[in-house]
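J.: Pasting run15.csv here (CSV, C-alpha atoms and all ligand atoms):
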chain,number,residue,atom,x,y,z
A,1,MET,CA,45.1,-34.5,54.9
A,2,PRO,CA,46.3,-38.0,54.0
A,3,SER,CA,43.0,-39.1,52.4
A,4,GLN,CA,43.3,-36.3,49.9
A,5,LYS,CA,46.8,-37.4,49.0
A,6,ILE,CA,45.6,-40.9,48.3
A,7,GLN,CA,42.8,-39.5,46.2
A,8,GLU,CA,45.3,-37.4,44.2
A,9,ARG,CA,47.5,-40.5,43.6
A,10,ALA,CA,44.5,-42.6,42.5
A,11,ASP,CA,43.6,-39.7,40.1
A,12,ILE,CA,47.0,-39.7,38.4
A,13,GLU,CA,47.1,-43.5,37.9
A,14,ILE,CA,46.9,-44.8,34.4
A,15,ALA,CA,45.3,-48.3,34.3
A,16,GLU,CA,47.1,-51.0,32.5
A,17,ASP,CA,44.0,-51.8,30.4
A,18,ILE,CA,43.7,-49.1,27.8
A,19,THR,CA,40.0,-49.9,27.2
A,20,ARG,CA,39.2,-49.0,30.8
A,21,SER,CA,41.8,-46.3,31.6
A,22,GLY,CA,41.4,-42.5,31.8
A,23,THR,CA,44.1,-40.4,30.2
A,24,LEU,CA,46.6,-38.2,32.1
A,25,PRO,CA,44.7,-35.8,34.3
A,26,ALA,CA,44.7,-32.1,33.3
A,27,THR,CA,46.6,-31.1,36.4
A,28,PHE,CA,49.6,-32.9,35.1
A,29,TYR,CA,49.9,-30.5,32.2
A,30,ARG,CA,49.4,-27.3,34.2
A,31,ASP,CA,50.8,-27.9,37.7
A,32,PRO,CA,54.3,-26.2,38.1
A,33,GLN,CA,55.1,-28.6,41.0
A,34,ILE,CA,54.6,-31.7,38.8
A,35,PHE,CA,56.7,-30.0,36.2
A,36,GLU,CA,59.5,-29.5,38.7
A,37,GLN,CA,59.3,-33.1,39.9
A,38,GLN,CA,59.8,-34.4,36.4
A,39,LYS,CA,63.2,-32.7,36.1
A,40,GLU,CA,64.8,-35.1,38.6
A,41,LYS,CA,62.5,-38.1,38.3
A,42,VAL,CA,62.2,-38.2,34.6
A,43,PHE,CA,64.7,-36.1,32.7
A,44,ALA,CA,67.8,-36.5,34.9
A,45,LYS,CA,67.4,-40.3,34.7
A,46,SER,CA,66.9,-40.4,31.0
A,47,TRP,CA,69.0,-40.7,27.9
A,48,GLN,CA,69.3,-37.4,26.0
A,49,TYR,CA,70.4,-36.8,22.4
A,50,LEU,CA,73.6,-34.8,22.3
A,51,THR,CA,75.1,-34.5,18.8
A,52,ASP,CA,76.6,-36.5,16.0
A,53,LEU,CA,80.2,-37.6,15.5
A,54,LYS,CA,80.7,-35.6,12.3
A,55,SER,CA,79.8,-32.4,14.1
A,56,VAL,CA,82.5,-33.2,16.7
A,57,GLY,CA,85.1,-33.6,13.9
A,58,GLU,CA,88.3,-35.5,13.6
A,59,ASN,CA,90.6,-33.4,15.8
A,60,ALA,CA,91.2,-33.3,19.5
A,61,ILE,CA,88.7,-30.8,20.9
A,62,GLN,CA,86.7,-29.7,24.0
A,63,ILE,CA,83.1,-28.5,23.3
A,64,PRO,CA,81.0,-27.0,26.1
A,65,MET,CA,77.4,-28.2,25.9
A,66,THR,CA,74.3,-28.1,28.1
A,67,ILE,CA,72.0,-31.0,28.7
A,68,LEU,CA,68.4,-29.8,28.4
A,69,PRO,CA,69.1,-26.0,28.4
A,70,ASP,CA,66.5,-24.0,30.5
A,71,SER,CA,65.3,-27.1,32.5
A,72,LEU,CA,68.1,-29.5,33.6
A,73,SER,CA,70.7,-26.9,32.4
A,74,GLU,CA,73.5,-29.4,33.2
A,75,PRO,CA,76.8,-27.9,32.0
A,76,VAL,CA,79.1,-30.5,30.4
A,77,ILE,CA,82.2,-30.8,28.2
A,78,LEU,CA,82.4,-33.2,25.3
A,79,SER,CA,86.1,-33.9,25.1
A,80,ARG,CA,87.7,-35.7,22.1
A,81,GLU,CA,91.2,-36.8,22.8
A,82,GLU,CA,94.0,-37.1,20.2
A,83,SER,CA,93.5,-40.9,20.3
A,84,GLY,CA,89.8,-40.3,19.3
A,85,ASP,CA,88.5,-41.3,22.7
A,86,LEU,CA,85.4,-39.4,23.7
A,87,HIS,CA,84.5,-38.3,27.2
A,88,LEU,CA,81.6,-36.4,28.6
A,89,LEU,CA,82.7,-34.4,31.7
A,90,SER,CA,81.1,-32.0,34.1
A,91,ASN,CA,81.9,-28.5,33.1
A,92,VAL,CA,82.0,-27.4,36.8
A,93,CYS,CA,85.3,-27.0,38.6
A,94,THR,CA,85.6,-29.3,41.6
A,95,HIS,CA,87.1,-26.5,43.7
A,96,ARG,CA,84.3,-23.9,44.2
A,97,GLY,CA,82.1,-24.7,41.2
A,98,SER,CA,83.1,-22.2,38.5
A,99,ILE,CA,82.2,-23.1,34.9
A,100,LEU,CA,85.4,-24.2,33.2
A,101,LEU,CA,84.8,-23.8,29.5
A,102,GLU,CA,82.6,-21.2,27.7
A,103,GLU,CA,83.6,-22.0,24.2
A,104,LYS,CA,85.0,-24.7,21.9
A,105,LYS,CA,88.8,-25.1,22.4
A,106,HIS,CA,91.6,-27.4,21.4
A,107,LEU,CA,93.3,-27.9,24.8
A,108,SER,CA,96.0,-30.1,26.3
A,109,ARG,CA,94.7,-29.2,29.8
A,110,ILE,CA,91.4,-27.9,31.0
A,111,SER,CA,92.2,-25.1,33.5
A,112,CYS,CA,89.9,-23.1,35.7
A,113,ARG,CA,90.2,-19.3,35.3
A,114,TYR,CA,89.1,-18.7,38.9
A,115,HIS,CA,92.0,-20.2,41.0
A,116,GLY,CA,93.9,-22.0,38.3
A,117,ARG,CA,93.0,-25.7,39.0
A,118,CYS,CA,94.0,-28.0,36.1
A,119,PHE,CA,92.4,-31.2,34.7
A,120,SER,CA,93.5,-33.5,31.9
A,121,THR,CA,91.3,-33.8,28.8
A,122,CYS,CA,89.8,-36.9,30.3
A,123,GLY,CA,88.8,-35.1,33.5
A,124,LYS,CA,91.6,-36.2,35.9
A,125,TYR,CA,92.8,-33.7,38.5
A,126,VAL,CA,96.3,-32.5,37.5
A,127,SER,CA,97.2,-29.6,39.8
A,128,ALA,CA,95.9,-26.8,42.0
A,129,PRO,CA,97.9,-23.9,43.3
A,130,GLY,CA,97.6,-23.1,47.0
A,131,PHE,CA,96.5,-26.5,48.3
A,132,GLU,CA,99.7,-27.3,50.2
A,133,GLY,CA,98.8,-28.7,53.7
A,134,ALA,CA,95.2,-29.8,52.6
A,135,HIS,CA,94.6,-33.3,54.1
A,136,ASP,CA,93.7,-36.3,51.8
A,137,PHE,CA,94.2,-34.1,48.8
A,138,PRO,CA,93.9,-34.6,46.0
A,139,SER,CA,91.3,-37.5,46.0
A,140,GLU,CA,89.0,-38.9,43.4
A,141,LYS,CA,86.5,-36.2,44.3
A,142,ASP,CA,88.8,-33.7,42.8
A,143,ASP,CA,88.5,-35.2,39.3
A,144,LEU,CA,85.7,-34.0,37.1
A,145,PRO,CA,82.6,-36.2,37.3
A,146,THR,CA,82.1,-38.2,34.1
A,147,LEU,CA,78.7,-38.7,32.5
A,148,ALA,CA,77.4,-41.6,30.5
A,149,LEU,CA,78.1,-41.1,26.7
A,150,GLU,CA,76.9,-43.7,24.2
A,151,ARG,CA,76.6,-44.1,20.5
A,152,PHE,CA,73.8,-45.2,18.1
A,153,ASP,CA,76.0,-45.4,15.0
A,154,GLN,CA,77.3,-41.8,14.7
A,155,PHE,CA,74.6,-40.3,17.0
A,156,LEU,CA,75.7,-39.6,20.6
A,157,PHE,CA,73.5,-39.8,23.6
A,158,SER,CA,74.3,-38.6,27.1
A,159,GLY,CA,72.9,-39.6,30.5
A,160,ILE,CA,73.3,-38.0,33.9
A,161,TYR,CA,71.8,-40.9,36.0
A,162,PRO,CA,70.3,-43.1,33.3
A,163,GLU,CA,68.0,-45.7,34.8
A,164,LEU,CA,67.9,-47.9,31.7
A,165,SER,CA,71.1,-49.5,30.2
A,166,PHE,CA,71.9,-47.9,26.8
A,167,GLU,CA,71.6,-51.3,25.2
A,168,ASP,CA,68.0,-51.7,26.5
A,169,PHE,CA,67.2,-48.1,25.4
A,170,ILE,CA,68.5,-48.4,21.8
A,171,LYS,CA,68.3,-52.1,20.9
A,172,PRO,CA,64.7,-52.1,19.5
A,173,MET,CA,65.5,-49.1,17.2
A,174,LEU,CA,68.8,-50.4,16.1
A,175,ALA,CA,67.4,-53.9,15.3
A,176,ARG,CA,64.9,-52.3,12.8
A,177,THR,CA,66.9,-49.4,11.3
A,178,GLY,CA,70.5,-50.8,11.4
A,179,PHE,CA,70.3,-51.7,7.7
A,180,LEU,CA,70.1,-48.0,6.7
A,181,PRO,CA,73.3,-46.0,5.8
A,182,LEU,CA,73.3,-44.2,9.1
A,183,ALA,CA,77.0,-43.5,9.0
A,184,ASP,CA,76.5,-41.5,5.7
A,185,ALA,CA,74.0,-39.1,7.2
A,186,GLU,CA,75.1,-35.5,7.3
A,187,LEU,CA,73.5,-32.7,9.3
A,188,ASP,CA,71.6,-30.4,6.9
A,189,SER,CA,71.6,-27.1,8.8
A,190,ASP,CA,69.5,-25.2,6.3
A,191,ASN,CA,66.7,-27.8,6.8
A,192,SER,CA,67.1,-27.8,10.6
A,193,ARG,CA,65.2,-25.4,12.9
A,194,GLU,CA,63.7,-24.7,16.3
A,195,TYR,CA,60.1,-24.0,17.3
A,196,LEU,CA,58.8,-22.5,20.5
A,197,VAL,CA,55.4,-24.0,21.5
A,198,ASN,CA,53.2,-22.5,24.2
A,199,ALA,CA,52.3,-25.9,25.7
A,200,ASN,CA,53.5,-28.5,28.1
A,201,TRP,CA,56.2,-30.8,26.6
A,202,ALA,CA,54.0,-33.9,27.3
A,203,LEU,CA,51.2,-32.5,25.2
A,204,TYR,CA,53.6,-32.2,22.3
A,205,VAL,CA,54.6,-35.8,22.8
A,206,ASP,CA,51.0,-37.0,23.2
A,207,ASN,CA,50.2,-35.5,19.8
A,208,TYR,CA,53.2,-37.1,18.1
A,209,LEU,CA,52.3,-40.5,19.4
A,210,GLU,CA,48.9,-40.9,17.7
A,211,GLY,CA,47.8,-40.8,14.1
A,212,LEU,CA,44.1,-40.3,14.9
A,213,HIS,CA,44.4,-36.6,14.4
A,214,ILE,CA,46.1,-36.8,11.0
A,215,PRO,CA,42.9,-36.6,8.8
A,216,PHE,CA,41.6,-33.7,10.9
A,217,VAL,CA,44.7,-31.7,11.4
A,218,HIS,CA,46.9,-32.5,8.4
A,219,PRO,CA,44.7,-32.9,5.3
A,220,ALA,CA,47.7,-32.7,2.9
A,221,LEU,CA,49.7,-35.3,4.8
A,222,ALA,CA,46.7,-37.6,5.1
A,223,SER,CA,46.4,-37.9,1.4
A,224,MET,CA,50.0,-39.2,1.3
A,225,LEU,CA,49.7,-41.8,4.0
A,226,ASP,CA,47.7,-45.0,4.1
A,227,THR,CA,46.2,-44.4,7.5
A,228,LYS,CA,44.3,-47.7,7.6
A,229,ASP,CA,47.6,-49.6,7.5
A,230,TYR,CA,49.1,-47.3,10.2
A,231,GLN,CA,50.6,-49.4,12.9
A,232,THR,CA,52.2,-48.8,16.3
A,233,GLU,CA,54.5,-51.2,18.1
A,234,LEU,CA,55.5,-50.8,21.7
A,235,PHE,CA,58.8,-51.8,23.3
A,236,SER,CA,60.3,-51.2,26.7
A,237,SER,CA,62.0,-47.9,26.0
A,238,GLY,CA,59.4,-46.3,23.6
A,239,ASN,CA,57.5,-47.2,20.5
A,240,VAL,CA,57.5,-47.0,16.7
A,241,GLN,CA,54.8,-45.9,14.3
A,242,ILE,CA,55.2,-47.5,10.9
A,243,GLY,CA,54.1,-45.4,7.9
A,244,ILE,CA,53.0,-47.6,5.0
A,245,ALA,CA,53.7,-46.0,1.6
A,246,THR,CA,50.8,-45.4,-0.8
A,247,ASP,CA,51.3,-46.3,-4.5
A,248,GLY,CA,53.9,-44.1,-6.0
A,249,ASP,CA,55.5,-43.1,-2.7
A,250,ASP,CA,59.2,-43.8,-2.1
A,251,ALA,CA,59.7,-46.7,0.2
A,252,PHE,CA,62.7,-48.4,1.9
A,253,GLU,CA,64.6,-51.3,0.3
A,254,ILE,CA,64.3,-53.7,3.1
A,255,PRO,CA,66.7,-56.6,3.3
A,256,GLU,CA,65.2,-60.2,3.2
A,257,SER,CA,66.3,-61.1,6.8
A,258,HIS,CA,64.4,-58.0,8.2
A,259,PRO,CA,61.1,-58.4,10.0
A,260,ASP,CA,59.4,-56.0,7.6
A,261,SER,CA,60.8,-57.7,4.5
A,262,GLY,CA,58.3,-57.5,1.6
A,263,ARG,CA,56.4,-54.5,3.1
A,264,LYS,CA,56.2,-51.0,1.4
A,265,ILE,CA,57.3,-48.8,4.3
A,266,ALA,CA,57.7,-45.0,3.8
A,267,ALA,CA,58.8,-44.1,7.3
A,268,TYR,CA,59.6,-45.4,10.8
A,269,TYR,CA,58.7,-42.9,13.5
A,270,TYR,CA,60.5,-43.8,16.6
A,271,TRP,CA,59.8,-42.2,20.0
A,272,LEU,CA,62.3,-42.9,22.8
A,273,PHE,CA,61.1,-42.1,26.3
A,274,PRO,CA,60.8,-39.4,27.3
A,275,ASN,CA,61.5,-36.7,24.7
A,276,THR,CA,63.5,-38.0,21.7
A,277,MET,CA,62.1,-38.8,18.2
A,278,PHE,CA,64.1,-40.4,15.4
A,279,ASN,CA,62.0,-40.3,12.2
A,280,PHE,CA,63.6,-42.5,9.4
A,281,TYR,CA,62.8,-41.9,5.7
A,282,PRO,CA,64.4,-43.3,2.5
A,283,TRP,CA,66.3,-40.0,2.2
A,284,GLY,CA,67.5,-39.6,5.8
A,285,ILE,CA,66.5,-39.0,9.4
A,286,SER,CA,64.7,-36.2,11.2
A,287,VAL,CA,65.7,-36.1,14.8
A,288,ASN,CA,63.3,-34.2,17.1
A,289,VAL,CA,64.4,-33.2,20.6
A,290,ILE,CA,61.6,-31.9,22.8
A,291,GLU,CA,62.9,-29.5,25.4
A,292,PRO,CA,60.7,-28.6,28.4
A,293,LEU,CA,61.2,-24.9,29.3
A,294,ALA,CA,58.3,-24.3,31.7
A,295,VAL,CA,55.0,-26.0,32.6
A,296,ASP,CA,53.4,-24.4,29.5
A,297,ARG,CA,56.4,-23.8,27.3
A,298,THR,CA,58.4,-26.1,25.1
A,299,ARG,CA,61.2,-25.8,22.6
A,300,VAL,CA,61.3,-28.3,19.7
A,301,ARG,CA,64.5,-28.8,17.8
A,302,PHE,CA,64.3,-30.4,14.4
A,303,LEU,CA,67.6,-31.7,13.2
A,304,THR,CA,67.7,-33.0,9.6
A,305,TYR,CA,70.2,-35.6,8.6
A,306,VAL,CA,70.4,-36.6,5.0
A,307,TYR,CA,72.0,-39.8,3.5
A,308,ASP,CA,70.3,-39.7,0.0
A,309,ARG,CA,69.4,-36.2,-1.1
A,310,SER,CA,68.1,-37.5,-4.5
A,311,ARG,CA,65.2,-39.1,-2.6
A,312,MET,CA,64.1,-36.1,-0.6
A,313,GLY,CA,61.3,-35.5,-3.1
A,314,SER,CA,58.2,-34.1,-1.3
A,315,TYR,CA,60.0,-33.7,2.0
A,316,SER,CA,60.8,-30.0,2.0
A,317,PRO,CA,61.3,-27.4,4.7
A,318,GLU,CA,58.0,-25.8,3.7
A,319,SER,CA,56.0,-29.0,4.0
A,320,ILE,CA,57.6,-29.8,7.4
A,321,ASN,CA,56.8,-26.3,8.5
A,322,ILE,CA,53.1,-26.6,7.5
A,323,THR,CA,52.7,-29.9,9.4
A,324,GLU,CA,54.6,-28.5,12.4
A,325,LEU,CA,52.4,-25.4,12.6
A,326,GLU,CA,49.3,-27.4,12.3
A,327,ASP,CA,50.4,-29.6,15.2
A,328,GLU,CA,51.5,-26.6,17.3
A,329,ALA,CA,48.1,-24.9,16.8
A,330,VAL,CA,46.2,-28.0,18.2
A,331,VAL,CA,48.7,-28.6,21.0
A,332,GLU,CA,48.4,-25.0,22.1
A,333,ALA,CA,44.6,-25.2,22.0
A,334,VAL,CA,44.9,-28.3,24.3
A,335,GLN,CA,47.1,-26.3,26.8
A,336,LYS,CA,44.3,-23.7,27.0
A,337,GLY,CA,41.8,-26.6,27.5
A,338,VAL,CA,43.6,-28.3,30.3
A,339,ARG,CA,43.3,-25.0,32.4
A,340,SER,CA,39.5,-25.4,32.4
A,341,ARG,CA,37.8,-26.1,35.7
A,342,LEU,CA,35.4,-28.4,33.8
A,343,TYR,CA,37.9,-30.7,32.1
A,344,LYS,CA,39.4,-33.4,34.3
A,345,ARG,CA,40.7,-36.2,32.0
A,346,GLY,CA,39.7,-38.1,28.9
A,347,ARG,CA,39.6,-41.7,27.6
A,348,TYR,CA,41.9,-43.5,25.1
A,349,ALA,CA,40.9,-44.6,21.6
A,350,PRO,CA,42.1,-48.2,22.0
A,351,GLN,CA,43.2,-48.8,18.4
A,352,TRP,CA,44.9,-45.5,17.9
A,353,GLU,CA,46.3,-44.2,21.2
A,354,ARG,CA,48.3,-47.2,22.5
A,355,GLY,CA,51.5,-45.1,22.2
A,356,VAL,CA,50.0,-42.3,24.2
A,357,HIS,CA,48.8,-44.8,26.9
A,358,GLN,CA,52.2,-46.3,27.1
A,359,PHE,CA,53.8,-42.8,27.5
A,360,HIS,CA,51.4,-41.9,30.3
A,361,ARG,CA,52.1,-45.1,32.1
A,362,MET,CA,55.9,-44.6,31.8
A,363,LEU,CA,55.6,-41.1,33.1
A,364,THR,CA,53.3,-41.7,36.0
A,365,ASP,CA,55.3,-44.8,37.1
A,366,ARG,CA,58.2,-42.4,37.7
A,367,LEU,CA,56.4,-39.7,39.7
B,401,LIG,S1,86.7,-22.6,41.3
B,401,LIG,FE1,88.1,-23.5,39.9
B,401,LIG,S2,90.0,-23.3,40.8
B,401,LIG,FE2,88.6,-22.4,42.2
B,402,FE,FE,50.5,-34.2,13.7
Let me see the structure of the file written as structure tokens.
T.:
Amino acid sequence: MPSQKIQERADIEIAEDITRSGTLPATFYRDPQIFEQQKEKVFAKSWQYLTDLKSVGENAIQIPMTILPDSLSEPVILSREESGDLHLLSNVCTHRGSILLEEKKHLSRISCRYHGRCFSTCGKYVSAPGFEGAHDFPSEKDDLPTLALERFDQFLFSGIYPELSFEDFIKPMLARTGFLPLADAELDSDNSREYLVNANWALYVDNYLEGLHIPFVHPALASMLDTKDYQTELFSSGNVQIGIATDGDDAFEIPESHPDSGRKIAAYYYWLFPNTMFNFYPWGISVNVIEPLAVDRTRVRFLTYVYDRSRMGSYSPESINITELEDEAVVEAVQKGVRSRLYKRGRYAPQWERGVHQFHRMLTDRL
């Protein structure tokens, strides 16, 4: 029925004009097929946060990792050579597809336990027993595929088939936060944790991208932020919400040449399409990685990086936990709501939901 197809497409479209557009239709958050489509059309083409350089260490090492476990589940090896060069390699043997590495190792060769094929630590084919007589062998196809690996200061990002150049992806965030002592930041494992949320990953992102809910959902947080000065700026790879400090709150020392010079800013909340958040504070950075697990299940990883512990002040694991649980409760309530036969889609609050509108446009453009 082609006419129904066209109707469905029209339903999923997000109009450019926020004052006229409907929000993302409910089916988007509950349809397993749409969820499956996003794996290849959104996530496999995106930049994903991987780890930080300090966690990799100073020695030659090979670390097995998974890009988006439980959804893309792409097995990779982060390989640091003696020279310090870093490579992100496929962790799948080019012979018959065995996983090569199961745990961290310091290797001079990566060898496959199945039939003994060997690769260099930068992924080049070295040897394979039993292949005498094979035509056009070895060829480039026998090397391990290399994935994109890029740095934002000490923070490493990977891409399987990234559609945006890394420069375009990261430049807007770097331009505004490059003055911070990013290289000094250390991962604080005690203040890092994971949450499982019974909701679609995009509902979690929607909630992050607007401050309209803050007075209703987070009364304690609302008293600390000046919500009337709350501001969202959009750029091609995401957006930033700027938290203005109220009197007595800690604020950044912003250099004179900076676009925000003279302003009292308590936090920059960066969201990078589709599922990465970098929240910058005077004491450090909270990195949030939103991992889709199923159409109605999401894992949220909070990684806390500290560059000035003396300024952590009111930012404690308990206060983060309270805010997070308040957010999870509303997001899970929305997941139940979008299953209703009676709810189709909503409208945007134009002054408050520009970030959500941008996210929905970016998402539907790719499907
Ligand atoms: S699968 Fe690796 S050598 Fe055969
Ligand atoms: Fe919230």
J.: Could you state the separation of CA of Asp365 in chain A and CA of Arg176 in chain A in Å, given to one decimal place?
T.: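 These atoms are spaced 27.2 Å apart.
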J.: Of the candidates A:Ala26, A:Ile170, A:Glu13, A:Gly284, which shows the shortest atom-to-atom distance to Tyr343 in chain A, using only C-alpha atoms?
T.: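 That would be A:Ala26, the residue with the smallest distance to Tyr343 in chain A.
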J.: Per residue of chain A within 10 Å of ligand LIG 401 (chain B), record the nearest atom pair and its distance in Å to one decimal, counting all atoms listed in the file, with rows in chain order and ascending residue number, as a Markdown table.
T.:
| residue | atom | partner | partner_atom | distance |
| --- | --- | --- | --- | --- |
| A:Val92 | CA | B:LIG401 | FE1 | 7.9 |
| A:Cys93 | CA | B:LIG401 | FE1 | 4.7 |
| A:Thr94 | CA | B:LIG401 | FE1 | 6.5 |
| A:His95 | CA | B:LIG401 | S1 | 4.6 |
| A:Arg96 | CA | B:LIG401 | S1 | 4.0 |
| A:Gly97 | CA | B:LIG401 | S1 | 5.1 |
| A:Ser98 | CA | B:LIG401 | S1 | 4.6 |
| A:Ile99 | CA | B:LIG401 | FE1 | 7.7 |
| A:Leu100 | CA | B:LIG401 | FE1 | 7.3 |
| A:Ser111 | CA | B:LIG401 | FE1 | 7.8 |
| A:Cys112 | CA | B:LIG401 | FE1 | 4.6 |
| A:Arg113 | CA | B:LIG401 | FE1 | 6.6 |
| A:Tyr114 | CA | B:LIG401 | FE2 | 5.0 |
| A:His115 | CA | B:LIG401 | S2 | 3.7 |
| A:Gly116 | CA | B:LIG401 | S2 | 4.8 |
| A:Arg117 | CA | B:LIG401 | S2 | 4.2 |
| A:Cys118 | CA | B:LIG401 | S2 | 7.8 |
| A:Ser127 | CA | B:LIG401 | S2 | 9.6 |
| A:Ala128 | CA | B:LIG401 | S2 | 7.0 |
| A:Pro129 | CA | B:LIG401 | S2 | 8.3 |
| A:Gly130 | CA | B:LIG401 | S2 | 9.8 |
J.: Could you give me the residues within 12 Å of ligand FE 402 (chain B), counting only C-alpha atoms and all ligand atoms, as a PyMOL selection string?
T.: chain A and resi 203-222+269+320-331
J.: Keeping C-alpha atoms for every residue in the selection just given, could you write it to a file as an mmCIF file, keeping the file's coordinate frame?
T.:
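Below is the file that was written, part_32.cif:
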data_model
loop_
_atom_site.group_PDB
_atom_site.id
_atom_site.type_symbol
_atom_site.label_atom_id
_atom_site.label_comp_id
_atom_site.auth_asym_id
_atom_site.auth_seq_id
_atom_site.Cartn_x
_atom_site.Cartn_y
_atom_site.Cartn_z
ATOM 1 C CA LEU A 203 51.200 -32.500 25.200
ATOM 2 C CA TYR A 204 53.600 -32.200 22.300
ATOM 3 C CA VAL A 205 54.600 -35.800 22.800
ATOM 4 C CA ASP A 206 51.000 -37.000 23.200
ATOM 5 C CA ASN A 207 50.200 -35.500 19.800
ATOM 6 C CA TYR A 208 53.200 -37.100 18.100
ATOM 7 C CA LEU A 209 52.300 -40.500 19.400
ATOM 8 C CA GLU A 210 48.900 -40.900 17.700
ATOM 9 C CA GLY A 211 47.800 -40.800 14.100
ATOM 10 C CA LEU A 212 44.100 -40.300 14.900
ATOM 11 C CA HIS A 213 44.400 -36.600 14.400
ATOM 12 C CA ILE A 214 46.100 -36.800 11.000
ATOM 13 C CA PRO A 215 42.900 -36.600 8.800
ATOM 14 C CA PHE A 216 41.600 -33.700 10.900
ATOM 15 C CA VAL A 217 44.700 -31.700 11.400
ATOM 16 C CA HIS A 218 46.900 -32.500 8.400
ATOM 17 C CA PRO A 219 44.700 -32.900 5.300
ATOM 18 C CA ALA A 220 47.700 -32.700 2.900
ATOM 19 C CA LEU A 221 49.700 -35.300 4.800
ATOM 20 C CA ALA A 222 46.700 -37.600 5.100
ATOM 21 C CA TYR A 269 58.700 -42.900 13.500
ATOM 22 C CA ILE A 320 57.600 -29.800 7.400
ATOM 23 C CA ASN A 321 56.800 -26.300 8.500
ATOM 24 C CA ILE A 322 53.100 -26.600 7.500
ATOM 25 C CA THR A 323 52.700 -29.900 9.400
ATOM 26 C CA GLU A 324 54.600 -28.500 12.400
ATOM 27 C CA LEU A 325 52.400 -25.400 12.600
ATOM 28 C CA GLU A 326 49.300 -27.400 12.300
ATOM 29 C CA ASP A 327 50.400 -29.600 15.200
ATOM 30 C CA GLU A 328 51.500 -26.600 17.300
ATOM 31 C CA ALA A 329 48.100 -24.900 16.800
ATOM 32 C CA VAL A 330 46.200 -28.000 18.200
ATOM 33 C CA VAL A 331 48.700 -28.600 21.000
#
J.: Give me the residues within 10 Å of Leu149 in chain A as a tab-separated table (two decimals) with C-alpha atoms, in the coordinates of the input, counting only C-alpha atoms and dropping any in the same chain fewer than 2 places off.
T.:
chain	number	residue	atom	x	y	z
A	47	TRP	CA	69.00	-40.70	27.90
A	48	GLN	CA	69.30	-37.40	26.00
A	49	TYR	CA	70.40	-36.80	22.40
A	50	LEU	CA	73.60	-34.80	22.30
A	78	LEU	CA	82.40	-33.20	25.30
A	86	LEU	CA	85.40	-39.40	23.70
A	87	HIS	CA	84.50	-38.30	27.20
A	88	LEU	CA	81.60	-36.40	28.60
A	89	LEU	CA	82.70	-34.40	31.70
A	146	THR	CA	82.10	-38.20	34.10
A	147	LEU	CA	78.70	-38.70	32.50
A	151	ARG	CA	76.60	-44.10	20.50
A	156	LEU	CA	75.70	-39.60	20.60
A	157	PHE	CA	73.50	-39.80	23.60
A	158	SER	CA	74.30	-38.60	27.10
A	159	GLY	CA	72.90	-39.60	30.50
A	160	ILE	CA	73.30	-38.00	33.90
A	166	PHE	CA	71.90	-47.90	26.80
J.: In Å, how far is it from CA of Leu196 in chain A to CA of Val300 in chain A?
T.: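 Between these atoms lies a distance of 6.4 Å.
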J.: Around the point (49.1, -27.2, 29.7), in the coordinates given by the file, pick out the residues reaching within 8 Å, counting only C-alpha atoms, and return them as a list in words.
T.: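 Those residues, ordered by chain and then number, are Ala26, Phe28, Tyr29, Arg30, Ala199, Asn200, Leu203, Val295, Asp296, Glu332, Val334, Gln335, Lys336, Gly337, Val338 and Arg339 of chain A.
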J.: Within 8 Å of range 302-314 of chain A, which residues of range 168-268 of chain A come that close, and what is the closest atom pair and distance in Å for each? Count all atoms listed in the file and give it as CSV.
T.:
residue,atom,partner,partner_atom,distance
A:Pro181,CA,A:Tyr307,CA,6.7
A:Leu182,CA,A:Tyr307,CA,7.2
A:Asp184,CA,A:Tyr307,CA,5.3
A:Ala185,CA,A:Tyr307,CA,4.3
A:Glu186,CA,A:Tyr305,CA,5.1
A:Leu187,CA,A:Tyr305,CA,4.4
A:Asp188,CA,A:Thr304,CA,5.4
A:Ser189,CA,A:Thr304,CA,7.1
A:Asn191,CA,A:Thr304,CA,6.0
A:Ser192,CA,A:Leu303,CA,4.7
A:Arg193,CA,A:Phe302,CA,5.3
A:Glu194,CA,A:Phe302,CA,6.0
A:Asp250,CA,A:Arg311,CA,7.6
J.: Find, counting all atoms listed in the file, the residue in A:Leu164, A:Ala183, A:Val356, A:Ala44 that gets nearest to Glu74 in chain A.
T.: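 Looking at the shortest contact to Glu74 in chain A, the residue is A:Ala44.
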J.: Which is closer to Asn198 in chain A than all the others in A:Leu367, A:Met65, A:Ala349, A:Leu293, using all atoms listed in the file?
T.: A:Leu293
J.: I'd like the contact shell of Ser236 in chain A - 9 Å cut-off, all atoms listed in the file, skipping same-chain residues fewer than 3 positions apart - returned as a PDB file with C-alpha atoms, keeping the file's coordinate frame.
T.:
ATOM      1  CA  ASP A 168      68.000 -51.700  26.500  1.00  0.00           C
ATOM      2  CA  PHE A 169      67.200 -48.100  25.400  1.00  0.00           C
ATOM      3  CA  PRO A 172      64.700 -52.100  19.500  1.00  0.00           C
ATOM      4  CA  ASN A 239      57.500 -47.200  20.500  1.00  0.00           C
TER       5      ASN A 239
END
J.: Could you check how far CA of Asp17 in chain A sits from CA of Gly238 in chain A, in Å to one decimal?
T.: 17.7 Å
J.: Go ahead and find all residues with at least one atom no further than 10 Å from (44.5, -38.8, 32.7) in the file's coordinates, using all atoms listed in the file; report them as a PyMOL selection string.
T.: chain A and resi 11-15+21-29+344-348+357+360-361+364
J.: Between A:Phe359, A:Ile67, A:Thr246, A:Tyr315, which residue has the minimum interatomic distance to Thr51 in chain A, considering all atoms listed in the file?
T.: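 Ranking A:Phe359, A:Ile67, A:Thr246, A:Tyr315 by distance to Thr51 in chain A, first place goes to A:Ile67.
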